[in-house]
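K.L.:
Structure file work38.tsv (TSV, N, CA and C atoms) right here:
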```
chain	number	residue	atom	x	y	z
A	1	LYS	N	-7.08	11.15	-7.03
A	1	LYS	CA	-6.24	10.87	-8.18
A	1	LYS	C	-5.02	10.11	-7.72
A	2	GLY	N	-4.56	9.21	-8.57
A	2	GLY	CA	-3.39	8.42	-8.23
A	2	GLY	C	-2.77	7.81	-9.46
A	3	VAL	N	-1.85	6.91	-9.22
A	3	VAL	CA	-1.15	6.24	-10.30
A	3	VAL	C	-1.19	4.73	-10.06
A	4	THR	N	-0.99	3.99	-11.13
A	4	THR	CA	-0.88	2.54	-11.05
A	4	THR	C	0.41	2.13	-11.72
A	5	PHE	N	1.14	1.27	-11.04
A	5	PHE	CA	2.39	0.75	-11.59
A	5	PHE	C	2.18	-0.72	-11.92
A	6	ARG	N	2.71	-1.15	-13.05
A	6	ARG	CA	2.57	-2.53	-13.49
A	6	ARG	C	3.96	-3.11	-13.73
A	7	VAL	N	4.20	-4.29	-13.15
A	7	VAL	CA	5.46	-5.01	-13.35
A	7	VAL	C	5.12	-6.34	-14.01
A	8	THR	N	5.85	-6.66	-15.08
A	8	THR	CA	5.67	-7.93	-15.77
A	8	THR	C	6.95	-8.73	-15.63
A	9	LEU	N	6.81	-9.96	-15.12
A	9	LEU	CA	7.93	-10.87	-14.97
A	9	LEU	C	7.70	-12.08	-15.85
A	10	ARG	N	8.79	-12.67	-16.33
A	10	ARG	CA	8.69	-13.89	-17.13
A	10	ARG	C	9.24	-15.06	-16.35
A	11	LYS	N	8.56	-16.19	-16.50
A	11	LYS	CA	9.03	-17.46	-15.94
A	11	LYS	C	8.86	-18.47	-17.06
A	12	GLY	N	9.97	-18.85	-17.67
A	12	GLY	CA	9.89	-19.69	-18.86
A	12	GLY	C	9.24	-18.90	-19.97
A	13	ALA	N	8.23	-19.48	-20.60
A	13	ALA	CA	7.53	-18.81	-21.69
A	13	ALA	C	6.35	-17.98	-21.21
A	14	GLU	N	6.02	-18.08	-19.92
A	14	GLU	CA	4.86	-17.38	-19.38
A	14	GLU	C	5.24	-16.02	-18.82
A	15	SER	N	4.28	-15.09	-18.88
A	15	SER	CA	4.44	-13.77	-18.28
A	15	SER	C	3.44	-13.61	-17.15
A	16	PHE	N	3.87	-12.93	-16.09
A	16	PHE	CA	3.03	-12.70	-14.92
A	16	PHE	C	3.07	-11.21	-14.59
A	17	VAL	N	1.89	-10.65	-14.34
A	17	VAL	CA	1.76	-9.20	-14.13
A	17	VAL	C	1.33	-8.94	-12.70
A	18	GLY	N	1.94	-7.93	-12.11
A	18	GLY	CA	1.52	-7.44	-10.80
A	18	GLY	C	1.29	-5.95	-10.89
A	19	GLU	N	0.32	-5.48	-10.13
A	19	GLU	CA	0.01	-4.04	-10.14
A	19	GLU	C	-0.11	-3.52	-8.72
A	20	SER	N	0.23	-2.26	-8.55
A	20	SER	CA	0.03	-1.56	-7.29
A	20	SER	C	-0.14	-0.08	-7.62
A	21	GLY	N	-0.95	0.56	-6.84
A	21	GLY	CA	-1.16	1.98	-7.12
A	21	GLY	C	-1.71	2.72	-5.94
A	22	GLY	N	-1.79	4.01	-6.11
A	22	GLY	CA	-2.30	4.90	-5.09
A	22	GLY	C	-1.77	6.29	-5.34
A	23	VAL	N	-1.71	7.06	-4.28
A	23	VAL	CA	-1.19	8.42	-4.37
A	23	VAL	C	0.31	8.34	-4.57
A	24	GLU	N	0.82	9.19	-5.43
A	24	GLU	CA	2.25	9.16	-5.75
A	24	GLU	C	2.99	10.31	-5.11
A	25	ASN	N	4.09	9.96	-4.45
A	25	ASN	CA	5.10	10.92	-4.05
A	25	ASN	C	6.44	10.20	-4.20
A	26	GLU	N	7.52	10.85	-3.87
A	26	GLU	CA	8.84	10.27	-4.12
A	26	GLU	C	9.02	8.92	-3.42
A	27	ARG	N	8.61	8.81	-2.18
A	27	ARG	CA	8.78	7.56	-1.43
A	27	ARG	C	7.78	6.50	-1.85
A	28	SER	N	6.52	6.89	-2.00
A	28	SER	CA	5.50	5.89	-2.32
A	28	SER	C	5.69	5.30	-3.72
A	29	ARG	N	6.31	6.04	-4.60
A	29	ARG	CA	6.55	5.54	-5.97
A	29	ARG	C	7.34	4.24	-5.94
A	30	ILE	N	8.47	4.21	-5.23
A	30	ILE	CA	9.27	2.99	-5.21
A	30	ILE	C	8.58	1.88	-4.41
A	31	GLU	N	7.79	2.25	-3.42
A	31	GLU	CA	7.04	1.23	-2.68
A	31	GLU	C	5.97	0.59	-3.55
A	32	HIS	N	5.28	1.38	-4.35
A	32	HIS	CA	4.28	0.83	-5.27
A	32	HIS	C	4.93	-0.12	-6.28
A	33	ILE	N	6.10	0.27	-6.76
A	33	ILE	CA	6.80	-0.58	-7.72
A	33	ILE	C	7.21	-1.90	-7.06
A	34	ALA	N	7.72	-1.83	-5.84
A	34	ALA	CA	8.09	-3.05	-5.11
A	34	ALA	C	6.87	-3.93	-4.87
A	35	ARG	N	5.74	-3.33	-4.49
A	35	ARG	CA	4.51	-4.12	-4.29
A	35	ARG	C	4.03	-4.77	-5.59
A	36	ALA	N	4.14	-4.04	-6.69
A	36	ALA	CA	3.75	-4.61	-7.98
A	36	ALA	C	4.65	-5.80	-8.34
A	37	ALA	N	5.94	-5.69	-8.05
A	37	ALA	CA	6.86	-6.80	-8.30
A	37	ALA	C	6.47	-8.00	-7.44
A	38	LEU	N	6.12	-7.77	-6.18
A	38	LEU	CA	5.70	-8.87	-5.31
A	38	LEU	C	4.41	-9.52	-5.82
A	39	GLU	N	3.49	-8.72	-6.33
A	39	GLU	CA	2.24	-9.27	-6.88
A	39	GLU	C	2.54	-10.14	-8.10
A	40	ALA	N	3.48	-9.74	-8.93
A	40	ALA	CA	3.86	-10.54	-10.09
A	40	ALA	C	4.51	-11.86	-9.64
A	41	ILE	N	5.33	-11.80	-8.60
A	41	ILE	CA	5.95	-13.02	-8.07
A	41	ILE	C	4.87	-13.95	-7.52
A	42	LYS	N	3.92	-13.40	-6.78
A	42	LYS	CA	2.82	-14.22	-6.25
A	42	LYS	C	2.04	-14.89	-7.38
A	43	ALA	N	1.80	-14.16	-8.44
A	43	ALA	CA	1.07	-14.74	-9.59
A	43	ALA	C	1.86	-15.89	-10.21
A	44	ALA	N	3.18	-15.75	-10.24
A	44	ALA	CA	4.02	-16.79	-10.84
A	44	ALA	C	4.19	-18.00	-9.93
A	45	GLU	N	4.20	-17.78	-8.62
A	45	GLU	CA	4.54	-18.84	-7.68
A	45	GLU	C	3.35	-19.50	-7.01
A	46	GLY	N	2.18	-18.88	-7.04
A	46	GLY	CA	1.01	-19.48	-6.42
A	46	GLY	C	0.63	-18.81	-5.11
A	47	ASP	N	-0.56	-19.13	-4.63
A	47	ASP	CA	-1.13	-18.46	-3.46
A	47	ASP	C	-0.63	-18.98	-2.12
A	48	ASP	N	0.06	-20.11	-2.09
A	48	ASP	CA	0.48	-20.67	-0.80
A	48	ASP	C	1.67	-19.93	-0.21
A	49	ARG	N	2.26	-19.03	-0.94
A	49	ARG	CA	3.39	-18.24	-0.46
A	49	ARG	C	2.93	-16.80	-0.25
A	50	HIS	N	3.11	-16.32	0.96
A	50	HIS	CA	2.64	-14.98	1.29
A	50	HIS	C	3.84	-14.05	1.43
A	51	LEU	N	3.87	-13.05	0.60
A	51	LEU	CA	4.95	-12.07	0.60
A	51	LEU	C	4.36	-10.69	0.86
A	52	ALA	N	4.98	-9.95	1.77
A	52	ALA	CA	4.51	-8.60	2.09
A	52	ALA	C	5.70	-7.65	2.16
A	53	LEU	N	5.53	-6.48	1.64
A	53	LEU	CA	6.59	-5.48	1.66
A	53	LEU	C	6.71	-4.88	3.05
A	54	GLU	N	7.90	-4.98	3.63
A	54	GLU	CA	8.19	-4.34	4.91
A	54	GLU	C	8.60	-2.89	4.69
A	55	GLY	N	9.33	-2.66	3.62
A	55	GLY	CA	9.76	-1.30	3.32
A	55	GLY	C	10.68	-1.27	2.12
A	56	CYS	N	10.83	-0.09	1.58
A	56	CYS	CA	11.67	0.10	0.41
A	56	CYS	C	12.20	1.53	0.46
A	57	LYS	N	13.49	1.66	0.26
A	57	LYS	CA	14.04	3.01	0.24
A	57	LYS	C	15.32	3.05	-0.58
A	58	VAL	N	15.69	4.23	-0.95
A	58	VAL	CA	16.95	4.46	-1.63
A	58	VAL	C	17.96	4.87	-0.57
A	59	VAL	N	19.11	4.17	-0.57
A	59	VAL	CA	20.14	4.45	0.43
A	59	VAL	C	21.44	4.82	-0.28
A	60	ASP	N	22.21	5.68	0.38
A	60	ASP	CA	23.52	6.06	-0.13
A	60	ASP	C	24.57	5.21	0.58
A	61	ALA	N	25.44	4.58	-0.21
A	61	ALA	CA	26.55	3.80	0.34
A	61	ALA	C	27.65	3.71	-0.71
A	62	PHE	N	28.89	3.77	-0.26
A	62	PHE	CA	30.03	3.60	-1.16
A	62	PHE	C	30.01	4.60	-2.33
A	63	GLU	N	29.54	5.80	-2.04
A	63	GLU	CA	29.45	6.88	-3.04
A	63	GLU	C	28.54	6.53	-4.22
A	64	ARG	N	27.55	5.68	-3.93
A	64	ARG	CA	26.54	5.29	-4.92
A	64	ARG	C	25.19	5.26	-4.25
A	65	GLN	N	24.14	5.11	-5.06
A	65	GLN	CA	22.79	4.95	-4.52
A	65	GLN	C	22.30	3.53	-4.81
A	66	PHE	N	21.57	2.98	-3.83
A	66	PHE	CA	21.03	1.63	-3.95
A	66	PHE	C	19.56	1.62	-3.58
A	67	ALA	N	18.80	0.77	-4.26
A	67	ALA	CA	17.44	0.45	-3.82
A	67	ALA	C	17.60	-0.68	-2.81
A	68	PHE	N	16.98	-0.53	-1.64
A	68	PHE	CA	17.04	-1.53	-0.58
A	68	PHE	C	15.62	-1.89	-0.18
A	69	VAL	N	15.29	-3.18	-0.19
A	69	VAL	CA	13.94	-3.61	0.15
A	69	VAL	C	13.98	-4.66	1.26
A	70	GLY	N	12.92	-4.67	2.04
A	70	GLY	CA	12.68	-5.72	3.03
A	70	GLY	C	11.33	-6.35	2.73
A	71	VAL	N	11.30	-7.68	2.70
A	71	VAL	CA	10.08	-8.42	2.38
A	71	VAL	C	9.87	-9.47	3.46
A	72	THR	N	8.66	-9.53	4.00
A	72	THR	CA	8.32	-10.60	4.93
A	72	THR	C	7.73	-11.74	4.13
A	73	ALA	N	8.28	-12.94	4.33
A	73	ALA	CA	7.81	-14.14	3.65
A	73	ALA	C	7.22	-15.09	4.69
A	74	ARG	N	6.01	-15.56	4.43
A	74	ARG	CA	5.35	-16.52	5.32
A	74	ARG	C	4.96	-17.75	4.53
A	75	GLU	N	5.25	-18.90	5.13
A	75	GLU	CA	4.86	-20.16	4.51
A	75	GLU	C	4.70	-21.19	5.61
A	76	GLU	N	3.53	-21.79	5.70
A	76	GLU	CA	3.24	-22.82	6.69
A	76	GLU	C	3.58	-22.36	8.11
A	77	GLY	N	3.22	-21.14	8.46
A	77	GLY	CA	3.42	-20.62	9.80
A	77	GLY	C	4.78	-20.03	10.08
A	78	ASP	N	5.76	-20.27	9.24
A	78	ASP	CA	7.08	-19.70	9.42
A	78	ASP	C	7.15	-18.34	8.73
A	79	ALA	N	7.87	-17.42	9.36
A	79	ALA	CA	8.06	-16.08	8.78
A	79	ALA	C	9.54	-15.76	8.73
A	80	ALA	N	9.93	-15.08	7.68
A	80	ALA	CA	11.32	-14.66	7.53
A	80	ALA	C	11.36	-13.28	6.91
A	81	LEU	N	12.34	-12.47	7.34
A	81	LEU	CA	12.57	-11.17	6.72
A	81	LEU	C	13.63	-11.37	5.65
A	82	LEU	N	13.27	-11.06	4.43
A	82	LEU	CA	14.17	-11.17	3.29
A	82	LEU	C	14.59	-9.77	2.89
A	83	THR	N	15.85	-9.58	2.54
A	83	THR	CA	16.32	-8.28	2.09
A	83	THR	C	17.01	-8.40	0.75
A	84	GLY	N	16.94	-7.33	-0.01
A	84	GLY	CA	17.59	-7.29	-1.30
A	84	GLY	C	18.01	-5.87	-1.63
A	85	SER	N	19.01	-5.76	-2.47
A	85	SER	CA	19.47	-4.44	-2.88
A	85	SER	C	19.96	-4.48	-4.32
A	86	CYS	N	19.96	-3.32	-4.93
A	86	CYS	CA	20.45	-3.19	-6.29
A	86	CYS	C	20.90	-1.74	-6.49
A	87	GLU	N	22.06	-1.57	-7.08
A	87	GLU	CA	22.55	-0.23	-7.36
A	87	GLU	C	21.64	0.46	-8.36
A	88	LEU	N	21.35	1.73	-8.13
A	88	LEU	CA	20.55	2.51	-9.06
A	88	LEU	C	21.42	2.87	-10.25
A	89	LYS	N	21.09	2.30	-11.39
A	89	LYS	CA	21.85	2.60	-12.61
A	89	LYS	C	20.92	3.12	-13.68
A	90	ASP	N	20.27	2.22	-14.40
A	90	ASP	CA	19.42	2.62	-15.52
A	90	ASP	C	18.22	3.44	-15.05
A	91	SER	N	17.46	2.90	-14.10
A	91	SER	CA	16.30	3.62	-13.59
A	91	SER	C	16.00	3.13	-12.17
A	92	PRO	N	15.46	3.99	-11.33
A	92	PRO	CA	15.07	3.55	-9.98
A	92	PRO	C	14.04	2.42	-10.03
A	93	GLU	N	13.14	2.48	-11.00
A	93	GLU	CA	12.09	1.46	-11.12
A	93	GLU	C	12.69	0.07	-11.36
A	94	THR	N	13.60	-0.02	-12.32
A	94	THR	CA	14.24	-1.31	-12.61
A	94	THR	C	15.05	-1.78	-11.41
A	95	SER	N	15.75	-0.88	-10.75
A	95	SER	CA	16.56	-1.25	-9.60
A	95	SER	C	15.70	-1.78	-8.45
A	96	VAL	N	14.54	-1.19	-8.23
A	96	VAL	CA	13.64	-1.66	-7.18
A	96	VAL	C	13.14	-3.07	-7.50
A	97	VAL	N	12.74	-3.32	-8.73
A	97	VAL	CA	12.28	-4.65	-9.11
A	97	VAL	C	13.41	-5.67	-8.93
A	98	LEU	N	14.62	-5.33	-9.33
A	98	LEU	CA	15.76	-6.24	-9.17
A	98	LEU	C	16.08	-6.48	-7.69
A	99	ALA	N	15.90	-5.47	-6.86
A	99	ALA	CA	16.11	-5.64	-5.42
A	99	ALA	C	15.08	-6.61	-4.84
A	100	VAL	N	13.82	-6.50	-5.27
A	100	VAL	CA	12.78	-7.42	-4.81
A	100	VAL	C	13.11	-8.85	-5.25
A	101	LEU	N	13.52	-9.00	-6.50
A	101	LEU	CA	13.90	-10.33	-6.99
A	101	LEU	C	15.11	-10.87	-6.21
A	102	GLY	N	16.05	-10.01	-5.91
A	102	GLY	CA	17.20	-10.42	-5.12
A	102	GLY	C	16.81	-10.86	-3.72
A	103	ALA	N	15.83	-10.18	-3.14
A	103	ALA	CA	15.37	-10.54	-1.79
A	103	ALA	C	14.66	-11.88	-1.78
A	104	THR	N	13.93	-12.19	-2.82
A	104	THR	CA	13.05	-13.36	-2.80
A	104	THR	C	13.60	-14.58	-3.50
A	105	ASN	N	14.63	-14.45	-4.32
A	105	ASN	CA	15.03	-15.57	-5.19
A	105	ASN	C	15.49	-16.81	-4.41
A	106	ARG	N	16.32	-16.66	-3.39
A	106	ARG	CA	16.77	-17.83	-2.63
A	106	ARG	C	15.64	-18.48	-1.85
A	107	TRP	N	14.78	-17.67	-1.29
A	107	TRP	CA	13.65	-18.20	-0.53
A	107	TRP	C	12.70	-18.97	-1.45
A	108	LEU	N	12.43	-18.43	-2.61
A	108	LEU	CA	11.56	-19.13	-3.56
A	108	LEU	C	12.20	-20.43	-4.05
A	109	ALA	N	13.50	-20.41	-4.31
A	109	ALA	CA	14.19	-21.61	-4.76
A	109	ALA	C	14.23	-22.67	-3.67
A	110	ARG	N	14.38	-22.26	-2.43
A	110	ARG	CA	14.43	-23.17	-1.29
A	110	ARG	C	13.11	-23.89	-1.07
A	111	SER	N	12.04	-23.14	-1.23
A	111	SER	CA	10.73	-23.70	-0.91
A	111	SER	C	10.00	-24.22	-2.13
A	112	ALA	N	10.67	-24.32	-3.26
A	112	ALA	CA	10.04	-24.83	-4.48
A	112	ALA	C	9.90	-26.33	-4.45
```
Write the structure described by the file as structure tokens, please.
P.N.:
Amino acid sequence: KGVTFRVTLRKGAESFVGESGGVENERSRIEHIARAALEAIKAAEGDDRHLALEGCKVVDAFERQFAFVGVTAREEGDAALLTGSCELKDSPETSVVLAVLGATNRWLARSA
């Protein structure tokens, strides 16, 4: 038994969906959400960009909690570690997706 998480991102008028799932526990939940966000980004950006989740965790800093993600990006043989963070406010799920977008947005804009 497991769960599936679905993230939908919009790019212009189009919507792109990513999914990830498996066994759920406190740590794997945010990792599945981050993977689903990466799958949605891949769907929006095309197959020539390879993004892989290095890790995702909730960290305490400045008397607040943040979602912190690391993403490995590969394109034409080059690899880079991208990082992103977002304060946990409305929901951990939304914060994780925003952290993934924060990690990848400059890299995607650079290589567009």
K.L.:
From the set A:Val58, A:Leu9, A:Cys86, A:Val23, which residue has the shortest atom-to-atom contact distance to Glu39 in chain A, counting only C-alpha atoms?
P.N.:
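Smallest separation from Glu39 in chain A among the options: A:Leu9.
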K.L.:
Which residues are close to Lys57 in chain A, i.e. within 7 Å by all atoms listed in the file, leaving aside same-chain residues fewer than 3 positions away? Reply as a ChimeraX atom specification.
P.N.:
/A:30-31,66-70
K.L.:
Please identify all polymer residues within 10 Å of Thr104 in chain A, counting only C-alpha atoms, omitting same-chain residues fewer than 2 positions from it, and present them as a CSV table (one decimal) with N, CA and C atoms, in the coordinates of the input.
P.N.:
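Now in selection06.csv:
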```
chain,number,residue,atom,x,y,z
A,38,LEU,N,6.1,-7.8,-6.2
A,38,LEU,CA,5.7,-8.9,-5.3
A,38,LEU,C,4.4,-9.5,-5.8
A,41,ILE,N,5.3,-11.8,-8.6
A,41,ILE,CA,6.0,-13.0,-8.1
A,41,ILE,C,4.9,-14.0,-7.5
A,51,LEU,N,3.9,-13.0,0.6
A,51,LEU,CA,5.0,-12.1,0.6
A,51,LEU,C,4.4,-10.7,0.9
A,70,GLY,N,12.9,-4.7,2.0
A,70,GLY,CA,12.7,-5.7,3.0
A,70,GLY,C,11.3,-6.4,2.7
A,71,VAL,N,11.3,-7.7,2.7
A,71,VAL,CA,10.1,-8.4,2.4
A,71,VAL,C,9.9,-9.5,3.5
A,72,THR,N,8.7,-9.5,4.0
A,72,THR,CA,8.3,-10.6,4.9
A,72,THR,C,7.7,-11.7,4.1
A,73,ALA,N,8.3,-12.9,4.3
A,73,ALA,CA,7.8,-14.1,3.6
A,73,ALA,C,7.2,-15.1,4.7
A,81,LEU,N,12.3,-12.5,7.3
A,81,LEU,CA,12.6,-11.2,6.7
A,81,LEU,C,13.6,-11.4,5.6
A,82,LEU,N,13.3,-11.1,4.4
A,82,LEU,CA,14.2,-11.2,3.3
A,82,LEU,C,14.6,-9.8,2.9
A,83,THR,N,15.8,-9.6,2.5
A,83,THR,CA,16.3,-8.3,2.1
A,83,THR,C,17.0,-8.4,0.8
A,84,GLY,N,16.9,-7.3,0.0
A,84,GLY,CA,17.6,-7.3,-1.3
A,84,GLY,C,18.0,-5.9,-1.6
A,98,LEU,N,14.6,-5.3,-9.3
A,98,LEU,CA,15.8,-6.2,-9.2
A,98,LEU,C,16.1,-6.5,-7.7
A,99,ALA,N,15.9,-5.5,-6.9
A,99,ALA,CA,16.1,-5.6,-5.4
A,99,ALA,C,15.1,-6.6,-4.8
A,100,VAL,N,13.8,-6.5,-5.3
A,100,VAL,CA,12.8,-7.4,-4.8
A,100,VAL,C,13.1,-8.8,-5.2
A,101,LEU,N,13.5,-9.0,-6.5
A,101,LEU,CA,13.9,-10.3,-7.0
A,101,LEU,C,15.1,-10.9,-6.2
A,102,GLY,N,16.0,-10.0,-5.9
A,102,GLY,CA,17.2,-10.4,-5.1
A,102,GLY,C,16.8,-10.9,-3.7
A,106,ARG,N,16.3,-16.7,-3.4
A,106,ARG,CA,16.8,-17.8,-2.6
A,106,ARG,C,15.6,-18.5,-1.8
A,107,TRP,N,14.8,-17.7,-1.3
A,107,TRP,CA,13.6,-18.2,-0.5
A,107,TRP,C,12.7,-19.0,-1.4
A,108,LEU,N,12.4,-18.4,-2.6
A,108,LEU,CA,11.6,-19.1,-3.6
A,108,LEU,C,12.2,-20.4,-4.0
A,109,ALA,N,13.5,-20.4,-4.3
A,109,ALA,CA,14.2,-21.6,-4.8
A,109,ALA,C,14.2,-22.7,-3.7
```
K.L.:
What does the distance between atom C of Ala43 in chain A and atom C of Val17 in chain A come to in Å, to one decimal place?
P.N.:
7.4 Å
K.L.:
Please compute the CA of Asn25 in chain A-CA of Arg74 in chain A distance, one decimal, in Å.
P.N.:
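These atoms are spaced 29.0 Å apart.
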K.L.:
Work out how far CA of Gly22 in chain A is from CA of Gly2 in chain A, in Å to one decimal.
P.N.:
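Between CA of Gly2 in chain A and CA of Gly22 in chain A the gap works out to 4.8 Å.
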K.L.:
Any chance you could list, as JSON, numbers by chain, the residues in chain A that come up strand (DSSP E) when DSSP is run on the backbone?
P.N.:
{"A": [3, 4, 5, 6, 7, 8, 9, 10, 11, 14, 15, 16, 17, 18, 19, 20, 21, 22, 50, 51, 52, 53, 54, 55, 56, 57, 58, 59, 60, 61, 64, 65, 66, 67, 68, 69, 70, 71, 72, 73, 74, 75, 78, 79, 80, 81, 82, 83, 84, 85, 86, 87]}
K.L.:
Print the selection's residues with N, CA and C atoms to a file, as a compact mmCIF listing (two decimals), in the frame of the given file.
P.N.:
```txt
# COMPACT_ATOMS: atom_id res chain seq x y z
N VAL A 3 -1.85 6.91 -9.22
CA VAL A 3 -1.15 6.24 -10.30
C VAL A 3 -1.19 4.73 -10.06
N THR A 4 -0.99 3.99 -11.13
CA THR A 4 -0.88 2.54 -11.05
C THR A 4 0.41 2.13 -11.72
N PHE A 5 1.14 1.27 -11.04
CA PHE A 5 2.39 0.75 -11.59
C PHE A 5 2.18 -0.72 -11.92
N ARG A 6 2.71 -1.15 -13.05
CA ARG A 6 2.57 -2.53 -13.49
C ARG A 6 3.96 -3.11 -13.73
N VAL A 7 4.20 -4.29 -13.15
CA VAL A 7 5.46 -5.01 -13.35
C VAL A 7 5.12 -6.34 -14.01
N THR A 8 5.85 -6.66 -15.08
CA THR A 8 5.67 -7.93 -15.77
C THR A 8 6.95 -8.73 -15.63
N LEU A 9 6.81 -9.96 -15.12
CA LEU A 9 7.93 -10.87 -14.97
C LEU A 9 7.70 -12.08 -15.85
N ARG A 10 8.79 -12.67 -16.33
CA ARG A 10 8.69 -13.89 -17.13
C ARG A 10 9.24 -15.06 -16.35
N LYS A 11 8.56 -16.19 -16.50
CA LYS A 11 9.03 -17.46 -15.94
C LYS A 11 8.86 -18.47 -17.06
N GLU A 14 6.02 -18.08 -19.92
CA GLU A 14 4.86 -17.38 -19.38
C GLU A 14 5.24 -16.02 -18.82
N SER A 15 4.28 -15.09 -18.88
CA SER A 15 4.44 -13.77 -18.28
C SER A 15 3.44 -13.61 -17.15
N PHE A 16 3.87 -12.93 -16.09
CA PHE A 16 3.03 -12.70 -14.92
C PHE A 16 3.07 -11.21 -14.59
N VAL A 17 1.89 -10.65 -14.34
CA VAL A 17 1.76 -9.20 -14.13
C VAL A 17 1.33 -8.94 -12.70
N GLY A 18 1.94 -7.93 -12.11
CA GLY A 18 1.52 -7.44 -10.80
C GLY A 18 1.29 -5.95 -10.89
N GLU A 19 0.32 -5.48 -10.13
CA GLU A 19 0.01 -4.04 -10.14
C GLU A 19 -0.11 -3.52 -8.72
N SER A 20 0.23 -2.26 -8.55
CA SER A 20 0.03 -1.56 -7.29
C SER A 20 -0.14 -0.08 -7.62
N GLY A 21 -0.95 0.56 -6.84
CA GLY A 21 -1.16 1.98 -7.12
C GLY A 21 -1.71 2.72 -5.94
N GLY A 22 -1.79 4.01 -6.11
CA GLY A 22 -2.30 4.90 -5.09
C GLY A 22 -1.77 6.29 -5.34
N HIS A 50 3.11 -16.32 0.96
CA HIS A 50 2.64 -14.98 1.29
C HIS A 50 3.84 -14.05 1.43
N LEU A 51 3.87 -13.05 0.60
CA LEU A 51 4.95 -12.07 0.60
C LEU A 51 4.36 -10.69 0.86
N ALA A 52 4.98 -9.95 1.77
CA ALA A 52 4.51 -8.60 2.09
C ALA A 52 5.70 -7.65 2.16
N LEU A 53 5.53 -6.48 1.64
CA LEU A 53 6.59 -5.48 1.66
C LEU A 53 6.71 -4.88 3.05
N GLU A 54 7.90 -4.98 3.63
CA GLU A 54 8.19 -4.34 4.91
C GLU A 54 8.60 -2.89 4.69
N GLY A 55 9.33 -2.66 3.62
CA GLY A 55 9.76 -1.30 3.32
C GLY A 55 10.68 -1.27 2.12
N CYS A 56 10.83 -0.09 1.58
CA CYS A 56 11.67 0.10 0.41
C CYS A 56 12.20 1.53 0.46
N LYS A 57 13.49 1.66 0.26
CA LYS A 57 14.04 3.01 0.24
C LYS A 57 15.32 3.05 -0.58
N VAL A 58 15.69 4.23 -0.95
CA VAL A 58 16.95 4.46 -1.63
C VAL A 58 17.96 4.87 -0.57
N VAL A 59 19.11 4.17 -0.57
CA VAL A 59 20.14 4.45 0.43
C VAL A 59 21.44 4.82 -0.28
N ASP A 60 22.21 5.68 0.38
CA ASP A 60 23.52 6.06 -0.13
C ASP A 60 24.57 5.21 0.58
N ALA A 61 25.44 4.58 -0.21
CA ALA A 61 26.55 3.80 0.34
C ALA A 61 27.65 3.71 -0.71
N ARG A 64 27.55 5.68 -3.93
CA ARG A 64 26.54 5.29 -4.92
C ARG A 64 25.19 5.26 -4.25
N GLN A 65 24.14 5.11 -5.06
CA GLN A 65 22.79 4.95 -4.52
C GLN A 65 22.30 3.53 -4.81
N PHE A 66 21.57 2.98 -3.83
CA PHE A 66 21.03 1.63 -3.95
C PHE A 66 19.56 1.62 -3.58
N ALA A 67 18.80 0.77 -4.26
CA ALA A 67 17.44 0.45 -3.82
C ALA A 67 17.60 -0.68 -2.81
N PHE A 68 16.98 -0.53 -1.64
CA PHE A 68 17.04 -1.53 -0.58
C PHE A 68 15.62 -1.89 -0.18
N VAL A 69 15.29 -3.18 -0.19
CA VAL A 69 13.94 -3.61 0.15
C VAL A 69 13.98 -4.66 1.26
N GLY A 70 12.92 -4.67 2.04
CA GLY A 70 12.68 -5.72 3.03
C GLY A 70 11.33 -6.35 2.73
N VAL A 71 11.30 -7.68 2.70
CA VAL A 71 10.08 -8.42 2.38
C VAL A 71 9.87 -9.47 3.46
N THR A 72 8.66 -9.53 4.00
CA THR A 72 8.32 -10.60 4.93
C THR A 72 7.73 -11.74 4.13
N ALA A 73 8.28 -12.94 4.33
CA ALA A 73 7.81 -14.14 3.65
C ALA A 73 7.22 -15.09 4.69
N ARG A 74 6.01 -15.56 4.43
CA ARG A 74 5.35 -16.52 5.32
C ARG A 74 4.96 -17.75 4.53
N GLU A 75 5.25 -18.90 5.13
CA GLU A 75 4.86 -20.16 4.51
C GLU A 75 4.70 -21.19 5.61
N ASP A 78 5.76 -20.27 9.24
CA ASP A 78 7.08 -19.70 9.42
C ASP A 78 7.15 -18.34 8.73
N ALA A 79 7.87 -17.42 9.36
CA ALA A 79 8.06 -16.08 8.78
C ALA A 79 9.54 -15.76 8.73
N ALA A 80 9.93 -15.08 7.68
CA ALA A 80 11.32 -14.66 7.53
C ALA A 80 11.36 -13.28 6.91
N LEU A 81 12.34 -12.47 7.34
CA LEU A 81 12.57 -11.17 6.72
C LEU A 81 13.63 -11.37 5.65
N LEU A 82 13.27 -11.06 4.43
CA LEU A 82 14.17 -11.17 3.29
C LEU A 82 14.59 -9.77 2.89
N THR A 83 15.85 -9.58 2.54
CA THR A 83 16.32 -8.28 2.09
C THR A 83 17.01 -8.40 0.75
N GLY A 84 16.94 -7.33 -0.01
CA GLY A 84 17.59 -7.29 -1.30
C GLY A 84 18.01 -5.87 -1.63
N SER A 85 19.01 -5.76 -2.47
CA SER A 85 19.47 -4.44 -2.88
C SER A 85 19.96 -4.48 -4.32
N CYS A 86 19.96 -3.32 -4.93
CA CYS A 86 20.45 -3.19 -6.29
C CYS A 86 20.90 -1.74 -6.49
N GLU A 87 22.06 -1.57 -7.08
CA GLU A 87 22.55 -0.23 -7.36
C GLU A 87 21.64 0.46 -8.36
```
K.L.:
Could you check which of A:Val3, A:Ala79, A:Glu45, A:Ala36 is closest to Glu19 in chain A, using only C-alpha atoms?
P.N.:
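Closest to Glu19 in chain A of all the choices is A:Ala36.
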K.L.:
List every residue of chain A that DSSP, applied to the backbone of this structure, places in helix (DSSP H, G or I), and write the result as a PyMOL selection string.
P.N.:
chain A and resi 26-45+92-110
K.L.:
Output, as AutoDock Vina command-line options, the centre and edge lengths in Å (one decimal) of the axis-aligned box that contains all listed atoms of range 79-91 of chain A with 5 Å of margin on each side.
P.N.:
```
--center_x 15.2 --center_y -6.9 --center_z -3.1 --size_x 24.7 --size_y 31.0 --size_z 34.9
```
K.L.:
Please determine, counting only C-alpha atoms, which residue among A:Glu75, A:Glu54, A:Arg27, A:Arg110 has the shortest atom-to-atom distance to Pro92 in chain A.
P.N.:
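That would be A:Arg27, the residue with the smallest distance to Pro92 in chain A.
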